[in-house]
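Asker: There's a structure below that I have some questions on.
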Amino acid sequence: MKTEKLYPFNEIEPKWQKFWRQNRLFNVDTADAKNKYYCLMMFPYPSAALHVGHGRNYIIGDAVARYKMMRGFNVLTPMGFDAFGLPAENAAIKGALHPEESTLGNIRTMKEQFNKWGVEYDWEREVISCMPDYYKWTQWIFAKLYEKGLAYKKKAFVNWCPSCKTVLANEQVVDGGCERCSTEVTQKDLEQWFLRITHYAPRLLKDMGKLAEWPERVKIMQRNWIGESRGVEIDFRIDGMEDVLRCFTTRVDTIYGATFMALAPEHPLVSKLIKEAKDEEKLSREIQRMRNESKIARSDADVEKEGVFTGRYVINPVNGAKIPLWVANYILMEYGTGAIMAVPAHDQRDFDFAKKYDLPIVVVIDDPKSPLDANSMKEAYVGEGVMANSAQFNGLSSTDAVERIADYFEEKKFGKRSVQYKLRDWLISRQRYWGAPIPIIYCRECGIVPVPEKDLPVLLPHDVEFRPTGESPLKSSSRFVNTKCPKCAGPATRETDTMDTFVDSSWYYLRYITPKLNDKPFDPALVNRWLPVDQYIGGVEHAILHLLYSRFITKFLCDIGWVSFDEPFGRLFTQGMITKNGVKMSKSKGNTVSPDELINKYGADTVRLYTLFIGPPEKDAEWSDRGVEGAYRFLGRVWRLLEKGHRVPRPTPHQSQGPSKEAIDLKRKTHQTIKKVTEDLDGGFHFNTAISAVMELVNQSYDSLPHAESDASVRAVLSAAVEMVVLLISPFVPHISEEMWQRLGKKSSIFKVAWPSYDASALAEQTVTIVVQVNGKVRSRLEAPSDISDAELKEMVMADPKVLQYAQGKAIKDIVVVPKKLVNVVLA
RNA sequence: GCUGGAGUGGUGGAAUGGCAUACACGCUGGUCUCAAAAACCAGUAGCCGAAAGGCUGUGUGGGUUCAACUCCCACCUCCAGCACCA
């Protein structure tokens, strides 16, 4: 389609972009934290080209920053790049540039794109996580964690991606596959570094109470991920052995119904338990087979339950009953204690297992609606009910019994109350090149020694064979590996794994405050004045990983006295995805929309306006090129409104006898619009309705143009309305607004102007339209003075011919009056 | 399975107890034009009707209320997260 140029955006936009930079509109002096507003957008991974879906995040953030500026805040909006990571390395392996070159190149491209969008930042604070002056402090944080016992190394079964040839955190395994390449994840037994995030599980959960301004869905996801369960740990004696088996249950009310016990195949006592069994070899082979099944296959709920009897029995502490001890594939070593008491009558998994292996089923909680019979049950009864077959607890409600039995257990020392979490410690070592080296040295004499602060950063060597082999590429550099022990100066070797990039991004928001400091990660005094972040904006895909890790690191830094707050982000906004043809835009699906072409054709303001107008920003939205044209037409309309307003011939002065109805109406609309836009921006991020409100004002201004020719009062109100339109859209479409502002004869940048406030008296209406209903159906409308009394209004309504027509011959039961809005006549 | 979120014209959406469909896209007709584009004007939920007007209508079925897209109960569908978590 051929498009006419509706206004000279191609001249205007570069002009004002240059102006903002020259006038340092977005550069902040952090020494002055008075009235501060820290507006943070999630920093991106530097990819080759941004599409319009990426743009939503930055456009929203830019609009918020500009709005807050006009509200008089000292707004800090920094930007940086989450620059370590696999894609750059994988590209390099395919024979492209070194990761550093491609990353820095991509950063340059992205900054140009931000520029063209009119998305401005305080670039003097730019943070790039792959630069030594940044990762020096990522390493410093690791060293601090190590010092406090919160970073540790252990051999563990870990998630291994055979394609990326690296381990993955639990959070990075999606549907059993690698989050990057979807290759099925396998298990590998490796020595790995972990961060003890589980230590913070209770606080990460409890402090969510402080996050009132976070989206509920994000909090729910984090809560589920942390996965707290309250229950009881119970010790079962093993018949004929000294050892004790501890299990965890949330359903201690079912303890009298435990008919067997089951262990995870990986349980450390398994081999000892089967040692003297007569068919030990066969047993051990079976158990080995269960272990070898991948965790992914095993964790599928549809997988057939399997197990073997160990030949041993344990003693139920409440009644001394001897119950058989099994090893079963559905028991997870990672959760609880890796051992469960099985109650087939009241747990579906145990029920399935008992049916398969013909184990007894004992009902201990009866269904109050229909009594249960263990022989004929088709599925486990998992609801609440009345205690049965449970000695002194019979007759209690099962909910009471949970507490009563827990008390009894603690009294008798059979066990104690306990809390379990699904959250696992954070596995951070990666056998890859493009990441921050873990600052650890192994000395034959001194063991594991963290690199002292004065020796940081541990530089990532440039010349390395980084093709993945399953071993860390850094191992290939003997210059890197061989070093001296910082303690004894003896020969030593370096850790060759690098850190998960989520470590880099878990603290970047602190670095922006003092980005160039080289003797500290940040200046605590300033950071404590500027943080928590006032508004954080980003994609919901980071609801768990990045946000949880950042909360963890902040709490840690708070505990060691480096910051005085324990939650980093006050308000969080997560924008929805932009889709094309119903699916997320991505290069691989070939459905991306490039902003460059659109900006050339319509200008950046059009792309910004459409992006904000497309729908509620927290929801996903389908991109429409037609919609872009609509936004463009609107800007053209605003542009012409300004010109037409100027060209209206001046009315002859003799008509100036006070404001006309048109003038009062337009003035009211103007102030209603100020109110609506302000409330839409303050109350949430309702850009779409704010923009439609301004569109209405523009439409009404056009309608008043003919009146302005003959009526001086309309002319005056119209020019005020036009000025307001420009101010109200300026955070959304900054270039055209600056230009129009200048053409209105204003001297300063529009973003230095105070946001308008509305005049409540201008909102008042002299007459209102009253909707008249008969039996709840709209039958008529009346114009009435806005200060009319209820009684007078009723009288007016009852005189309305329409109402009379319907009311004829019927008794009036009631007349409901909603002042200034509606009257409902209720007929019998 | 569990936990959230959502379901409104041809489309994106607006309205959180009081005029359902604001605003925009699309479409139809018109003005201007040799023609087109742009701009401007009018129309645009469905059904009946020449019209006036009437009836129906916010996923489905019930309920509360003078009044329900909005609140309550049950269900259906879609999306997202989690999922053998004891």
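Chain labels A, B, ... are given in the sequence in which chains occur in the structure tokens; within each chain residues are numbered consecutively from 1, and ligands are likewise numbered from 1 in the order shown.
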Using only C-alpha atoms (C1' of nucleotides), determine which residues of chain B fall within 9 Å of chain A; present them as a ChimeraX atom specification.

Answerer: /B:3-5,12-14,18-19,22-26,37-38,66-67,81-86

Asker: Would you mind listing what lies within 7 Å of segment 427-444 of chain A as a ChimeraX atom specification, with only C-alpha atoms (C1' of nucleotides) counted and same-chain residues fewer than 2 positions away left out?

Answerer: /A:84-86,89,135,139,166-167,169,192-195,425,446-451,458,460,466,468,470-474,485,491-501

Asker: Do you have the atom CA of Gln575 of chain A-atom CA of Asp596 of chain A distance handy?

Answerer: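 Interatomic distance here is 21.9 Å.
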
Asker: Counting only C-alpha atoms (C1' of nucleotides), which residue out of B:G17, B:C78, B:U8, B:C47 sits closest to U65 of chain B?

Answerer: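 For U65 of chain B, the nearest of the candidates is B:G17.
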
Asker: Env of Pro317 of chain A: 8 Å cut, atoms = only C-alpha atoms (C1' of nucleotides), seq-sep filter 6 positions within chain, self excluded. Answer as a list in words.

Answerer: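 Residues near the query, excluding close chain neighbours: Asp235, Phe236, Arg237 and Phe414 of chain A.
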
Asker: Neighbouring residues of A45 of chain B were defined as those with any atom within 10 Å, considering only C-alpha atoms (C1' of nucleotides); residues of the same chain fewer than 3 positions away were excluded. Please report them as JSON, numbers by chain.

Answerer: {"B": [9, 21, 57]}

Asker: Residues of the last selection are to be written out with N, CA, C and O atoms (P, O5', C5', C4', C3', O3' and C1' of nucleotides), as a compact mmCIF listing (two decimals), in the first residue's frame.

Answerer:
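In the end it all went to part.txt:
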# COMPACT_ATOMS: atom_id res chain seq x y z
P G B 9 -18.61 -11.58 20.62
O5' G B 9 -18.48 -10.14 19.98
C5' G B 9 -18.19 -10.04 18.61
C4' G B 9 -19.39 -9.48 17.88
C3' G B 9 -19.12 -9.33 16.38
O3' G B 9 -20.31 -9.62 15.67
C1' G B 9 -19.68 -7.23 17.33
P U B 21 -23.80 0.67 23.98
O5' U B 21 -22.48 -0.01 23.43
C5' U B 21 -21.20 0.32 24.00
C4' U B 21 -20.18 -0.59 23.39
C3' U B 21 -20.00 -0.39 21.90
O3' U B 21 -18.99 0.56 21.70
C1' U B 21 -20.13 -2.72 22.46
P G B 57 -31.79 -12.75 25.79
O5' G B 57 -30.40 -12.32 25.15
C5' G B 57 -29.59 -13.31 24.51
C4' G B 57 -28.44 -12.62 23.84
C3' G B 57 -27.48 -11.92 24.78
O3' G B 57 -26.55 -12.84 25.30
C1' G B 57 -27.99 -10.49 22.96

Asker: Please give the complete set of residues from segment 24-238 of chain A that DSSP, run on the backbone, assigns to alpha helix (DSSP H), formatted as an NGL selection string.

Answerer: :A and (52-70 or 86-93 or 99-117 or 132-147 or 201-206 or 216-226)

Asker: Could those selected residues go to a file with C-alpha atoms, as a PDB file, in the first residue's frame?

Answerer:
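Listing of part12.pdb after writing:
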ATOM      1  CA  VAL A  52       8.420  -5.177  17.724  1.00  0.00           C
ATOM      2  CA  GLY A  53       7.583  -7.775  20.395  1.00  0.00           C
ATOM      3  CA  HIS A  54      10.783  -6.919  22.271  1.00  0.00           C
ATOM      4  CA  GLY A  55       9.952  -3.264  21.872  1.00  0.00           C
ATOM      5  CA  ARG A  56       6.891  -3.413  24.093  1.00  0.00           C
ATOM      6  CA  ASN A  57       9.020  -3.668  27.221  1.00  0.00           C
ATOM      7  CA  TYR A  58      11.169  -0.664  26.380  1.00  0.00           C
ATOM      8  CA  ILE A  59       8.343   1.480  25.047  1.00  0.00           C
ATOM      9  CA  ILE A  60       6.289   0.941  28.190  1.00  0.00           C
ATOM     10  CA  GLY A  61       9.321   1.752  30.326  1.00  0.00           C
ATOM     11  CA  ASP A  62      10.164   4.857  28.331  1.00  0.00           C
ATOM     12  CA  ALA A  63       6.573   6.115  28.567  1.00  0.00           C
ATOM     13  CA  VAL A  64       6.590   5.581  32.330  1.00  0.00           C
ATOM     14  CA  ALA A  65       9.948   7.330  32.723  1.00  0.00           C
ATOM     15  CA  ARG A  66       8.816  10.353  30.728  1.00  0.00           C
ATOM     16  CA  TYR A  67       5.507  10.546  32.578  1.00  0.00           C
ATOM     17  CA  LYS A  68       7.255  10.421  35.949  1.00  0.00           C
ATOM     18  CA  MET A  69       9.642  13.154  34.809  1.00  0.00           C
ATOM     19  CA  MET A  70       6.685  15.382  34.066  1.00  0.00           C
ATOM     20  CA  LEU A  86      25.171 -19.709  25.221  1.00  0.00           C
ATOM     21  CA  PRO A  87      23.855 -18.227  21.964  1.00  0.00           C
ATOM     22  CA  ALA A  88      26.978 -16.161  21.342  1.00  0.00           C
ATOM     23  CA  GLU A  89      29.124 -19.169  22.123  1.00  0.00           C
ATOM     24  CA  ASN A  90      27.086 -21.515  19.933  1.00  0.00           C
ATOM     25  CA  ALA A  91      27.312 -19.034  17.063  1.00  0.00           C
ATOM     26  CA  ALA A  92      31.075 -18.931  17.520  1.00  0.00           C
ATOM     27  CA  ILE A  93      31.256 -22.728  17.434  1.00  0.00           C
ATOM     28  CA  PRO A  99      31.628 -14.503  21.391  1.00  0.00           C
ATOM     29  CA  GLU A 100      33.048 -11.233  22.604  1.00  0.00           C
ATOM     30  CA  GLU A 101      33.084  -9.705  19.139  1.00  0.00           C
ATOM     31  CA  SER A 102      29.584 -10.829  18.211  1.00  0.00           C
ATOM     32  CA  THR A 103      28.228  -9.749  21.597  1.00  0.00           C
ATOM     33  CA  LEU A 104      29.722  -6.282  21.428  1.00  0.00           C
ATOM     34  CA  GLY A 105      28.556  -5.975  17.835  1.00  0.00           C
ATOM     35  CA  ASN A 106      25.007  -6.910  18.801  1.00  0.00           C
ATOM     36  CA  ILE A 107      25.087  -4.387  21.612  1.00  0.00           C
ATOM     37  CA  ARG A 108      25.941  -1.645  19.137  1.00  0.00           C
ATOM     38  CA  THR A 109      23.039  -2.674  16.888  1.00  0.00           C
ATOM     39  CA  MET A 110      20.594  -2.791  19.773  1.00  0.00           C
ATOM     40  CA  LYS A 111      21.594   0.624  21.041  1.00  0.00           C
ATOM     41  CA  GLU A 112      20.909   2.026  17.586  1.00  0.00           C
ATOM     42  CA  GLN A 113      17.488   0.426  17.668  1.00  0.00           C
ATOM     43  CA  PHE A 114      16.668   1.900  21.075  1.00  0.00           C
ATOM     44  CA  ASN A 115      17.716   5.193  19.641  1.00  0.00           C
ATOM     45  CA  LYS A 116      15.444   4.998  16.643  1.00  0.00           C
ATOM     46  CA  TRP A 117      12.520   4.106  18.869  1.00  0.00           C
ATOM     47  CA  PRO A 132      35.815  -7.696  33.516  1.00  0.00           C
ATOM     48  CA  ASP A 133      34.931  -4.543  35.474  1.00  0.00           C
ATOM     49  CA  TYR A 134      31.459  -6.040  35.970  1.00  0.00           C
ATOM     50  CA  TYR A 135      32.135  -9.752  36.388  1.00  0.00           C
ATOM     51  CA  LYS A 136      34.888  -8.953  38.843  1.00  0.00           C
ATOM     52  CA  TRP A 137      32.037  -8.181  41.229  1.00  0.00           C
ATOM     53  CA  THR A 138      29.946 -11.156  40.214  1.00  0.00           C
ATOM     54  CA  GLN A 139      32.954 -13.185  41.307  1.00  0.00           C
ATOM     55  CA  TRP A 140      33.200 -11.110  44.471  1.00  0.00           C
ATOM     56  CA  ILE A 141      29.596 -11.987  45.327  1.00  0.00           C
ATOM     57  CA  PHE A 142      30.368 -15.650  44.749  1.00  0.00           C
ATOM     58  CA  ALA A 143      33.385 -15.369  47.069  1.00  0.00           C
ATOM     59  CA  LYS A 144      31.234 -13.738  49.749  1.00  0.00           C
ATOM     60  CA  LEU A 145      28.680 -16.526  49.434  1.00  0.00           C
ATOM     61  CA  TYR A 146      31.482 -19.055  49.769  1.00  0.00           C
ATOM     62  CA  GLU A 147      32.841 -17.272  52.814  1.00  0.00           C
ATOM     63  CA  ALA A 201      13.285 -20.536  51.294  1.00  0.00           C
ATOM     64  CA  PRO A 202      11.223 -19.509  54.352  1.00  0.00           C
ATOM     65  CA  ARG A 203      12.114 -15.839  53.906  1.00  0.00           C
ATOM     66  CA  LEU A 204      11.606 -15.868  50.152  1.00  0.00           C
ATOM     67  CA  LEU A 205       8.146 -17.167  50.895  1.00  0.00           C
ATOM     68  CA  LYS A 206       7.277 -14.989  53.859  1.00  0.00           C
ATOM     69  CA  GLU A 216      -0.538 -11.952  41.667  1.00  0.00           C
ATOM     70  CA  ARG A 217       0.344 -14.509  38.979  1.00  0.00           C
ATOM     71  CA  VAL A 218       4.070 -13.975  39.527  1.00  0.00           C
ATOM     72  CA  LYS A 219       3.732 -14.395  43.269  1.00  0.00           C
ATOM     73  CA  ILE A 220       1.700 -17.550  42.817  1.00  0.00           C
ATOM     74  CA  MET A 221       4.322 -18.999  40.483  1.00  0.00           C
ATOM     75  CA  GLN A 222       7.081 -18.259  43.001  1.00  0.00           C
ATOM     76  CA  ARG A 223       5.047 -19.660  45.848  1.00  0.00           C
ATOM     77  CA  ASN A 224       4.428 -22.881  43.902  1.00  0.00           C
ATOM     78  CA  TRP A 225       8.058 -23.082  42.956  1.00  0.00           C
ATOM     79  CA  ILE A 226       9.241 -22.741  46.537  1.00  0.00           C
TER      80      ILE A 226
END

Asker: Report the residues of segment 267-344 of chain A whose backbone DSSP state falls under strand (DSSP E), written as a short mmCIF file (atom, residue, chain, number, x, y, z; two decimals) with C-alpha atoms, in the first residue's frame.

Answerer:
data_model
loop_
_atom_site.label_atom_id
_atom_site.label_comp_id
_atom_site.auth_asym_id
_atom_site.auth_seq_id
_atom_site.Cartn_x
_atom_site.Cartn_y
_atom_site.Cartn_z
CA GLY A 307 8.86 -51.73 43.16
CA VAL A 308 10.60 -54.57 44.94
CA PHE A 309 10.21 -55.90 48.47
CA THR A 310 13.46 -55.64 50.43
CA GLY A 311 12.60 -58.57 52.67
CA ARG A 312 12.68 -56.26 55.69
CA TYR A 313 10.04 -54.75 57.95
CA VAL A 314 9.75 -51.51 59.87
CA ILE A 315 7.80 -50.81 63.06
CA LYS A 322 5.36 -54.60 61.45
CA ILE A 323 4.97 -53.31 57.93
CA PRO A 324 6.93 -54.40 54.83
CA LEU A 325 9.66 -52.18 53.43
CA TRP A 326 9.72 -51.71 49.66
CA VAL A 327 11.81 -49.82 47.15
CA ALA A 328 9.58 -48.04 44.65
CA ALA A 339 11.22 -42.47 52.23
CA ILE A 340 7.48 -42.50 52.73
CA MET A 341 4.92 -44.21 54.87
CA ALA A 342 2.41 -45.59 52.40
#
